[in-house]
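Trainee: This is work.cif, which holds mmCIF, C-alpha atoms:
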```cif
data_upload
loop_
_atom_site.label_atom_id
_atom_site.label_comp_id
_atom_site.auth_asym_id
_atom_site.auth_seq_id
_atom_site.Cartn_x
_atom_site.Cartn_y
_atom_site.Cartn_z
CA ARG S 253 -13.56 -6.46 -24.02
CA ARG S 254 -10.22 -6.15 -25.76
CA GLN S 255 -9.86 -2.56 -24.56
CA LYS S 256 -10.52 -3.67 -20.99
CA LEU S 257 -8.02 -6.51 -21.30
CA THR S 258 -5.40 -4.17 -22.73
CA ALA S 259 -5.95 -1.72 -19.87
CA SER S 260 -5.64 -4.50 -17.28
CA ARG S 261 -2.46 -5.83 -18.85
CA GLY S 262 -1.01 -2.32 -18.93
CA LYS S 263 -1.85 -1.98 -15.27
CA LEU S 264 -0.05 -5.21 -14.46
CA LEU S 265 3.04 -4.10 -16.43
CA ALA S 266 3.14 -0.73 -14.70
CA PHE S 267 2.72 -2.37 -11.31
CA SER S 268 5.48 -4.87 -12.14
CA ALA S 269 7.88 -2.14 -13.23
CA GLY S 270 7.37 -0.24 -10.01
CA MET S 271 7.88 -3.27 -7.82
CA ALA S 272 10.49 -5.29 -9.73
CA ALA S 273 13.34 -4.20 -7.48
CA ALA S 274 11.62 -5.56 -4.39
CA SER S 275 12.66 -9.03 -3.23
CA PRO S 276 12.91 -10.40 -6.81
CA CYS S 277 12.34 -14.11 -6.12
CA LEU S 278 9.09 -13.87 -4.17
CA TRP S 279 7.90 -10.97 -6.30
CA LEU S 280 8.40 -12.95 -9.52
CA LEU S 281 6.64 -15.94 -8.00
CA GLY S 282 3.70 -13.74 -7.08
CA LEU S 283 3.58 -12.27 -10.56
CA CYS S 284 3.68 -15.72 -12.12
CA LEU S 285 0.68 -16.78 -10.04
CA LEU S 286 -1.13 -13.57 -10.91
CA SER S 287 -0.33 -13.89 -14.61
CA GLN S 288 -1.46 -17.51 -14.77
CA SER S 289 -4.62 -16.72 -12.84
CA TYR S 290 -5.25 -13.70 -15.06
CA ALA S 291 -4.92 -15.75 -18.23
CA ARG S 292 -7.19 -18.50 -16.98
CA THR S 293 -9.94 -16.32 -15.61
CA THR S 294 -10.20 -13.57 -18.23
CA LEU S 295 -12.97 -13.74 -20.80
CA ASN S 296 -11.28 -15.17 -23.85
CA THR S 297 -11.24 -13.11 -27.03
CA LYS S 298 -10.32 -16.18 -29.13
CA PRO S 299 -13.11 -18.78 -29.05
CA ARG S 300 -10.81 -21.45 -30.54
CA THR S 301 -8.92 -21.84 -27.26
CA PRO S 302 -11.62 -22.93 -24.80
CA HIS S 303 -9.12 -24.13 -22.19
CA VAL S 304 -8.57 -20.53 -21.10
CA THR S 305 -12.21 -19.51 -21.32
CA CYS S 306 -14.13 -18.59 -18.21
CA ARG S 307 -17.90 -18.20 -18.02
CA ALA S 308 -19.08 -14.65 -17.59
CA GLY S 309 -19.78 -13.95 -13.95
CA SER S 310 -17.35 -16.55 -12.66
CA MET S 311 -15.92 -14.06 -10.21
CA GLY S 312 -15.19 -16.60 -7.47
CA SER S 313 -12.30 -18.14 -9.37
CA ARG S 314 -10.93 -14.70 -10.24
CA ARG S 315 -11.10 -13.64 -6.62
CA ALA S 316 -9.36 -16.75 -5.36
CA ALA S 317 -6.70 -16.55 -8.05
CA VAL S 318 -5.83 -12.92 -7.47
CA ARG S 319 -5.86 -13.45 -3.70
CA THR S 320 -3.38 -16.33 -4.03
CA GLY S 321 -0.95 -14.30 -6.11
CA LEU S 322 -1.29 -11.18 -4.00
CA GLY S 323 -0.77 -13.18 -0.83
CA VAL S 324 2.63 -14.28 -2.09
CA VAL S 325 3.49 -10.75 -3.16
CA LEU S 326 2.49 -9.25 0.18
CA SER S 327 4.53 -11.83 2.07
CA ALA S 328 7.70 -10.38 0.53
CA PRO S 329 9.32 -7.18 1.79
CA LEU S 330 7.62 -5.19 -0.95
CA LEU S 331 8.96 -1.80 -0.11
CA ARG S 332 12.68 -2.56 -0.14
CA PHE S 333 13.51 -0.67 -3.32
CA GLY S 334 17.22 -0.94 -4.18
CA ALA S 335 19.69 1.49 -2.70
CA GLN S 336 18.32 4.23 -0.50
CA ALA S 337 18.01 7.59 -2.26
CA SER S 338 18.12 10.77 -0.20
CA SER S 339 15.09 13.01 -0.18
CA SER S 340 15.55 16.23 -2.13
CA ALA S 341 13.54 18.15 0.47
CA ALA S 342 15.47 20.49 2.78
CA LYS S 343 14.82 19.39 6.35
CA ARG S 344 12.83 21.51 8.79
CA THR S 345 14.76 20.72 11.92
CA GLY S 346 13.99 22.08 15.35
CA LEU S 347 10.21 21.90 15.13
CA GLY S 348 8.27 21.22 18.31
CA LEU S 349 6.04 18.18 18.75
CA GLU S 350 2.86 20.24 18.34
CA GLU S 351 4.02 21.60 14.99
CA ILE S 352 5.11 18.16 13.78
CA LYS S 353 1.75 16.74 14.83
CA ARG S 354 -0.01 19.48 12.89
CA VAL S 355 1.97 18.64 9.73
CA LEU S 356 1.32 14.89 10.13
CA GLU S 357 -2.41 15.49 10.57
CA SER S 358 -2.51 17.77 7.54
CA ASP S 359 -0.70 15.15 5.44
CA PHE S 360 -3.05 12.41 6.57
CA VAL S 361 -6.31 14.32 6.09
CA GLU S 362 -5.63 16.70 3.21
CA LYS S 363 -3.04 14.79 1.20
CA GLN S 364 -4.36 11.32 2.16
CA SER S 365 -0.69 10.47 2.72
CA PHE S 366 -1.48 7.02 4.11
CA VAL S 367 -2.76 5.83 0.73
CA THR S 368 -1.00 8.25 -1.66
CA GLY S 369 2.51 8.38 -0.20
CA MET S 370 2.38 12.19 -0.39
CA LEU S 371 4.30 12.96 2.78
CA SER S 372 5.93 16.18 3.94
CA GLU S 373 9.38 14.66 3.53
CA ASP S 374 11.05 17.70 5.10
CA ILE S 375 9.96 16.58 8.58
CA TYR S 376 11.24 13.00 8.14
CA ASP S 377 14.78 11.75 8.47
CA ASP S 378 15.91 10.21 5.16
CA ASP S 379 16.49 6.88 6.94
CA CYS S 380 13.16 6.87 8.77
CA ARG S 381 12.00 3.33 9.52
CA PHE S 382 8.43 2.31 8.63
CA THR S 383 7.16 -0.82 10.36
CA ASP S 384 3.81 -2.55 9.84
CA PRO S 385 2.61 -6.10 10.65
CA ILE S 386 3.98 -7.41 7.32
CA GLN S 387 7.32 -5.70 6.81
CA VAL S 388 9.95 -3.17 7.84
CA THR S 389 11.02 -0.49 5.35
CA ASP S 390 14.08 1.69 5.92
CA GLY S 391 14.09 5.00 4.09
CA ILE S 392 11.49 7.62 3.25
CA ARG S 393 11.93 7.27 -0.54
CA LYS S 394 11.51 3.49 -0.46
CA TYR S 395 8.34 3.87 1.55
CA VAL S 396 6.86 6.53 -0.74
CA LYS S 397 7.66 4.55 -3.90
CA GLY S 398 6.16 1.40 -2.40
CA VAL S 399 2.87 3.05 -1.40
CA GLN S 400 2.53 4.72 -4.80
CA ALA S 401 3.24 1.48 -6.66
CA LEU S 402 0.93 -0.70 -4.60
CA PHE S 403 -2.21 1.40 -4.06
CA ASP S 404 -4.64 3.33 -6.27
CA PRO S 405 -4.60 6.85 -4.77
CA LYS S 406 -7.91 7.86 -6.36
CA ARG S 407 -9.91 4.95 -4.98
CA SER S 408 -8.11 4.18 -1.72
CA LYS S 409 -9.02 6.25 1.31
CA ALA S 410 -8.10 6.73 4.94
CA ARG S 411 -9.42 8.81 7.81
CA LEU S 412 -8.42 9.63 11.35
CA LEU S 413 -10.76 8.21 13.95
CA GLU S 414 -9.65 10.86 16.44
CA PRO S 415 -7.23 13.80 16.44
CA MET S 416 -3.58 12.82 16.68
CA LYS S 417 -2.14 13.22 20.15
CA ILE S 418 1.21 13.52 21.87
CA THR S 419 1.83 10.68 24.32
CA GLU S 420 3.41 10.93 27.75
CA ASP S 421 6.69 9.55 26.40
CA GLY S 422 6.90 12.25 23.72
CA LYS S 423 5.65 10.34 20.69
CA ILE S 424 2.84 11.20 18.29
CA PHE S 425 -0.06 8.73 18.14
CA ALA S 426 -2.69 8.31 15.41
CA ARG S 427 -5.71 6.02 15.22
CA TRP S 428 -7.14 5.54 11.74
CA GLU S 429 -9.38 3.55 9.40
CA ALA S 430 -8.23 2.70 5.88
CA GLU S 431 -9.59 1.04 2.75
CA PHE S 432 -6.98 0.12 0.17
CA VAL S 433 -7.59 -0.51 -3.53
CA THR S 434 -4.56 -2.07 -5.21
CA ASN S 435 -3.00 -1.29 -8.59
CA LEU S 436 -3.32 -4.93 -9.63
CA PRO S 437 -5.49 -6.08 -12.58
CA PHE S 438 -9.22 -5.96 -11.75
CA SER S 439 -8.33 -3.52 -8.89
CA PRO S 440 -8.81 -5.94 -5.97
CA LYS S 441 -9.34 -4.16 -2.67
CA PHE S 442 -9.28 -4.87 1.03
CA ASP S 443 -12.21 -4.39 3.37
CA PRO S 444 -11.82 -1.34 5.62
CA TYR S 445 -9.80 -2.00 8.74
CA THR S 446 -8.53 0.07 11.65
CA GLY S 447 -5.15 0.48 13.25
CA THR S 448 -2.68 2.84 14.86
CA THR S 449 0.57 4.56 13.95
CA THR S 450 3.10 5.84 16.47
CA PHE S 451 5.67 8.38 15.27
CA THR S 452 9.01 8.84 17.04
CA VAL S 453 10.80 12.18 16.75
CA ASP S 454 14.55 12.58 17.36
CA ALA S 455 16.48 15.40 19.04
CA ASN S 456 16.67 17.28 15.71
CA GLY S 457 12.89 17.38 15.43
CA LEU S 458 12.68 14.84 12.58
CA VAL S 459 10.47 11.74 12.42
CA VAL S 460 12.78 8.73 12.61
CA ASP S 461 10.29 5.91 13.17
CA SER S 462 6.72 5.13 12.13
CA PHE S 463 5.31 2.04 13.87
CA GLU S 464 1.98 0.70 12.62
CA THR S 465 -0.36 -1.81 14.22
CA TRP S 466 -3.61 -3.32 12.91
CA ASP S 467 -6.70 -4.17 14.93
CA LYS S 468 -7.08 -7.31 12.81
CA SER S 469 -4.62 -10.10 12.17
CA VAL S 470 -2.62 -10.14 8.95
CA ALA S 471 -4.57 -13.24 7.91
CA SER S 472 -7.90 -11.48 8.45
CA VAL S 473 -6.85 -8.42 6.46
CA THR S 474 -5.49 -10.40 3.49
CA ALA S 475 -8.49 -12.74 3.54
CA SER S 476 -10.77 -9.73 3.04
CA LEU S 477 -9.32 -9.09 -0.43
CA HIS S 478 -12.10 -8.94 -3.00
CA LEU S 479 -12.90 -7.60 -6.47
#
```
Could you spell out this file's structure in C-alpha cells?
Mentor:
Amino acid sequence: RRQKLTASRGKLLAFSAGMAAASPCLWLLGLCLLSQSYARTTLNTKPRTPHVTCRAGSMGSRRAAVRTGLGVVLSAPLLRFGAQASSSAAKRTGLGLEEIKRVLESDFVEKQSFVTGMLSEDIYDDDCRFTDPIQVTDGIRKYVKGVQALFDPKRSKARLLEPMKITEDGKIFARWEAEFVTNLPFSPKFDPYTGTTTFTVDANGLVVDSFETWDKSVASVTASLHL
C-alpha cells in the first residue's frame, strides 16, 4: 500500500510541476481540492488516525472527490504556460494542402498526437491557436506541454472515424473519437467521446489555427470522469 501511495503522490507532484505556470489561482485551488480529497479517501497507513481512514472499496467518494478537484482545474486555461517559446523545428513552408493533410493524418494515427502532443511542429506556425470547448491556447509549445502534462500517453487513445478531408473553403477537417486517461492520482479517465478538428493553413503553408468541437457538452464530458 505504501508503495502505491508513494507512486500516486509522485504522480501528483509531477503533474503539479508541469502545470504550475497555468492560471495559478484556479490551478492551486484545484490542487487543494485534489489534495484534500486524496488525503481523505486514501487507505490510511496509520491506524491511529481514523478520521482520514476510508473503507476499502469506497470508490464512490474517491470518484466524486477527484471529479470535483479536476472540474476546477479544467475550468482554468490549463495550457497557458508562461511566455511563448519558439519551436526549434525548421518550418516546411510551401507545402500543398494534400501534403499537409497527409502529415496531420500520420501524426494522428501513428504518433497518436491528439493524446501524446507529438506533433510535426515544422508544419505549424509557432503562434498557432488551439481552440476547444474549454479554452484557447496560443502557441505550439504551450499546447504540446499542456497535452503531455495532462494526459497519460500510454493509456489514452484516439482514432480517426474517417479519413481527413479538404473542405471547399480550403481547410482540413478531421472527425475523431478519443478516450483520455489523466496524469492525476488514481489515473481518472473520461468516457470515450467524439468530435471534430478543423485546421486552417496560411499562405505560407503552415497551420495557424486548430479549432476543436465536441459532440457532447462540456458538462457531459466532465461528468463522465471515472476511476
Trainee: Go through S:Pro405, S:Pro444, S:Pro415, S:Gly348 and flag the residue nearest S:Met370, using only C-alpha atoms for the distances.
Mentor: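 Among the listed residues, the smallest separation from S:Met370 belongs to S:Pro405.
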Trainee: Hey, which of S:Val453, S:Ala430, S:Val473, S:Ala401 ends up closest to S:Phe366? Count only C-alpha atoms.
Mentor: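 Closest residue, counting only C-alpha atoms: S:Ala430.
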Trainee: My list of candidates is S:Phe463, S:Phe403, S:Phe382, S:Phe360. Which is closest to S:Thr450 when distances are computed with only C-alpha atoms?
Mentor: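 Of all the options, S:Phe463 lies closest to S:Thr450.
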Trainee: Compile the contact shell of S:Val459 as a VMD selection string: residues with an atom at most 9 Å away, counting all atoms listed in the file, same-chain residues fewer than 6 positions apart removed.
Mentor: chain S and resid 352 375 to 377 380 451 to 453
Trainee: Enter the distance from atom CA of S:Thr434 to atom CA of S:Met416, in Å, rounded to one decimal.
Mentor: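 It comes out at 26.5 Å.
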